[in-house]
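Encoded as structure tokens, the structure appears first; notes follow it.
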Amino acid sequence: MPRACGASAGVAVSVVDRLAVVLPSAVVTSSYGVVTADVPPAEWVASVMTVRDDPELDGSYIDVLLAVDEHPRGFDVVVRLWSVARRHSVHLRTSVPREDPRLPSLVEVFAGASWHEREAAEMFGIVFEGHPHLVPLLLPDGFQGHPLRKERVLAARQVPWPGALDPAVKTGRRLQPPGAPAPVPPGEPL
């Protein structure tokens, strides 16, 4: 059960109920204590600002912004806003199409969104419109493609690593971590 927000006219209001009031076009759900509001991409920035500025929700801290490849439909972009004062969080989620994944940037709302948006742009190819410096962050110069897209073939499947076992082939034996001593058979002294 989500925590109650602050009192409004003496009545405790749940986070779910408050989100439904301040974001009327959102679909608000709660599962295992995680409150999520699905918002249209056109209302992305306005929804984040609403949760940030609402005194009952007080989503004043951006914890994380991430993307999820929902192949073949497109990508979900999720931001988790935390209320330091009220000690609850809210997830806002929107979807962008796979063919042209574009979303307005949150950098003007939360400066801390910059790094997260750069990572999502690099790993998934999502364009955050209005981002002041959307340049590669983690991958080496000259890297082609977006490594976290589901259609990308894993490097281990393209070029076999010398001496490595293919994880798809089950050998039926346990592998020891490098440098670990050999297991002692049952009944033998250590």
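Each chain in the structure tokens gets a letter, A, B and so on, in the order shown; residues start at 1 in every chain, and ligands are counted from 1 in the order they appear.
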
Residues of range 82-121 of chain A classed as helix (DSSP H, G or I) by DSSP on the backbone are to be reported as a PyMOL selection string.
chain A and resi 113-121

How many Å lie between CA of Ser30 in chain A and CA of Asp54 in chain A, rounded to one decimal?
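Separating CA of Ser30 in chain A from CA of Asp54 in chain A is a distance of 19.3 Å.
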
Which range 15-77 of chain A residues have any atom within 9 Å of an atom of range 97-117 of chain A, and for each, what is the nearest pair of atoms with distance in Å to one decimal, counting only C-alpha atoms, rows sorted by chain and number, as a Markdown table?
```
| residue | atom | partner | partner_atom | distance |
| --- | --- | --- | --- | --- |
| A:Pro41 | CA | A:Leu103 | CA | 6.6 |
| A:Ala42 | CA | A:Leu103 | CA | 8.2 |
| A:Trp44 | CA | A:Pro104 | CA | 7.3 |
| A:Val45 | CA | A:Leu106 | CA | 6.3 |
| A:Val48 | CA | A:Val109 | CA | 7.9 |
| A:Met49 | CA | A:Val109 | CA | 6.8 |
| A:Arg52 | CA | A:Val109 | CA | 8.9 |
| A:Ser60 | CA | A:Phe110 | CA | 8.9 |
| A:Tyr61 | CA | A:Phe110 | CA | 8.2 |
| A:Ile62 | CA | A:Phe110 | CA | 7.0 |
| A:Asp63 | CA | A:Gly112 | CA | 8.8 |
| A:Val64 | CA | A:His116 | CA | 7.0 |
| A:Leu65 | CA | A:His116 | CA | 5.5 |
| A:Leu66 | CA | A:His116 | CA | 6.7 |
| A:Ala67 | CA | A:Glu117 | CA | 9.0 |
| A:Asp69 | CA | A:Arg98 | CA | 8.8 |
| A:Glu70 | CA | A:Arg98 | CA | 8.9 |
| A:His71 | CA | A:Arg98 | CA | 8.0 |
| A:Pro72 | CA | A:Arg98 | CA | 7.4 |
| A:Arg73 | CA | A:Arg98 | CA | 6.6 |
| A:Gly74 | CA | A:Arg98 | CA | 4.1 |
| A:Phe75 | CA | A:Pro97 | CA | 6.4 |
| A:Asp76 | CA | A:Pro97 | CA | 8.9 |
| A:Val77 | CA | A:Leu103 | CA | 8.9 |
```

Taking 4 positions as the minimum chain separation for residues in the same chain, which residues sit within 8 Å of Val28 in chain A when counting only C-alpha atoms? Answer as a ChimeraX atom specification.
/A:16,19-20,35-38

N, CA and C atoms of the current selection, written as a PDB file, in the first residue's frame:
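Written output follows (selection-v6.pdb):
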```pdb
ATOM      1  N   VAL A  16      -1.475   7.502  -4.911  1.00  0.00           N
ATOM      2  CA  VAL A  16      -2.231   7.110  -6.103  1.00  0.00           C
ATOM      3  C   VAL A  16      -3.392   8.070  -6.340  1.00  0.00           C
ATOM      4  N   LEU A  19      -2.099  11.530  -7.489  1.00  0.00           N
ATOM      5  CA  LEU A  19      -1.652  11.515  -8.880  1.00  0.00           C
ATOM      6  C   LEU A  19      -2.839  11.545  -9.837  1.00  0.00           C
ATOM      7  N   ALA A  20      -3.885  10.803  -9.503  1.00  0.00           N
ATOM      8  CA  ALA A  20      -5.071  10.773 -10.357  1.00  0.00           C
ATOM      9  C   ALA A  20      -5.721  12.155 -10.440  1.00  0.00           C
ATOM     10  N   VAL A  35       4.364   3.084  -7.154  1.00  0.00           N
ATOM     11  CA  VAL A  35       3.298   3.852  -7.787  1.00  0.00           C
ATOM     12  C   VAL A  35       3.812   4.369  -9.124  1.00  0.00           C
ATOM     13  N   THR A  36       3.070   4.045 -10.197  1.00  0.00           N
ATOM     14  CA  THR A  36       3.479   4.427 -11.545  1.00  0.00           C
ATOM     15  C   THR A  36       2.342   5.152 -12.243  1.00  0.00           C
ATOM     16  N   ALA A  37       2.688   6.264 -12.898  1.00  0.00           N
ATOM     17  CA  ALA A  37       1.723   6.997 -13.701  1.00  0.00           C
ATOM     18  C   ALA A  37       2.196   6.952 -15.148  1.00  0.00           C
ATOM     19  N   ASP A  38       1.372   6.372 -16.032  1.00  0.00           N
ATOM     20  CA  ASP A  38       1.678   6.341 -17.456  1.00  0.00           C
ATOM     21  C   ASP A  38       1.110   7.601 -18.090  1.00  0.00           C
TER      22      ASP A  38
END
```

One-decimal distance in Å that lies between CA of Arg118 in chain A and CA of Leu134 in chain A
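It comes out at 5.6 Å.
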
So, counting only C-alpha atoms, which residue among A:Tyr32, A:Val68, A:Leu92, A:His146 is closest to Ala46 in chain A?
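Closest candidate: A:Leu92.
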
Work out how far CA of Glu119 in chain A is from CA of Ala26 in chain A, in Å to one decimal.
26.0 Å

From the options A:Leu81, A:Val34, A:Ala121, A:Leu139, which residue's atoms come nearest to Val51 in chain A, counting only C-alpha atoms?
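Of A:Leu81, A:Val34, A:Ala121, A:Leu139, the one nearest Val51 in chain A, counting only C-alpha atoms, is A:Leu81.
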
Members of range 7-190 of chain A assigned strand (DSSP E or B) by DSSP, as a ChimeraX atom specification:
/A:7-8,11-14,27-31,34-38,61-70,74-83,88-97,102-104,127-129

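Shortest separation to Asp58 in chain A among A:Val127, A:Val22, A:Ala85, A:Val39 occurs at residue A:Ala85, atoms counted being only C-alpha atoms.
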
Which of A:Gly142, A:Gly59, A:Pro147, A:Pro183 sits closest to Ser47 in chain A [using only C-alpha atoms]:
A:Gly59
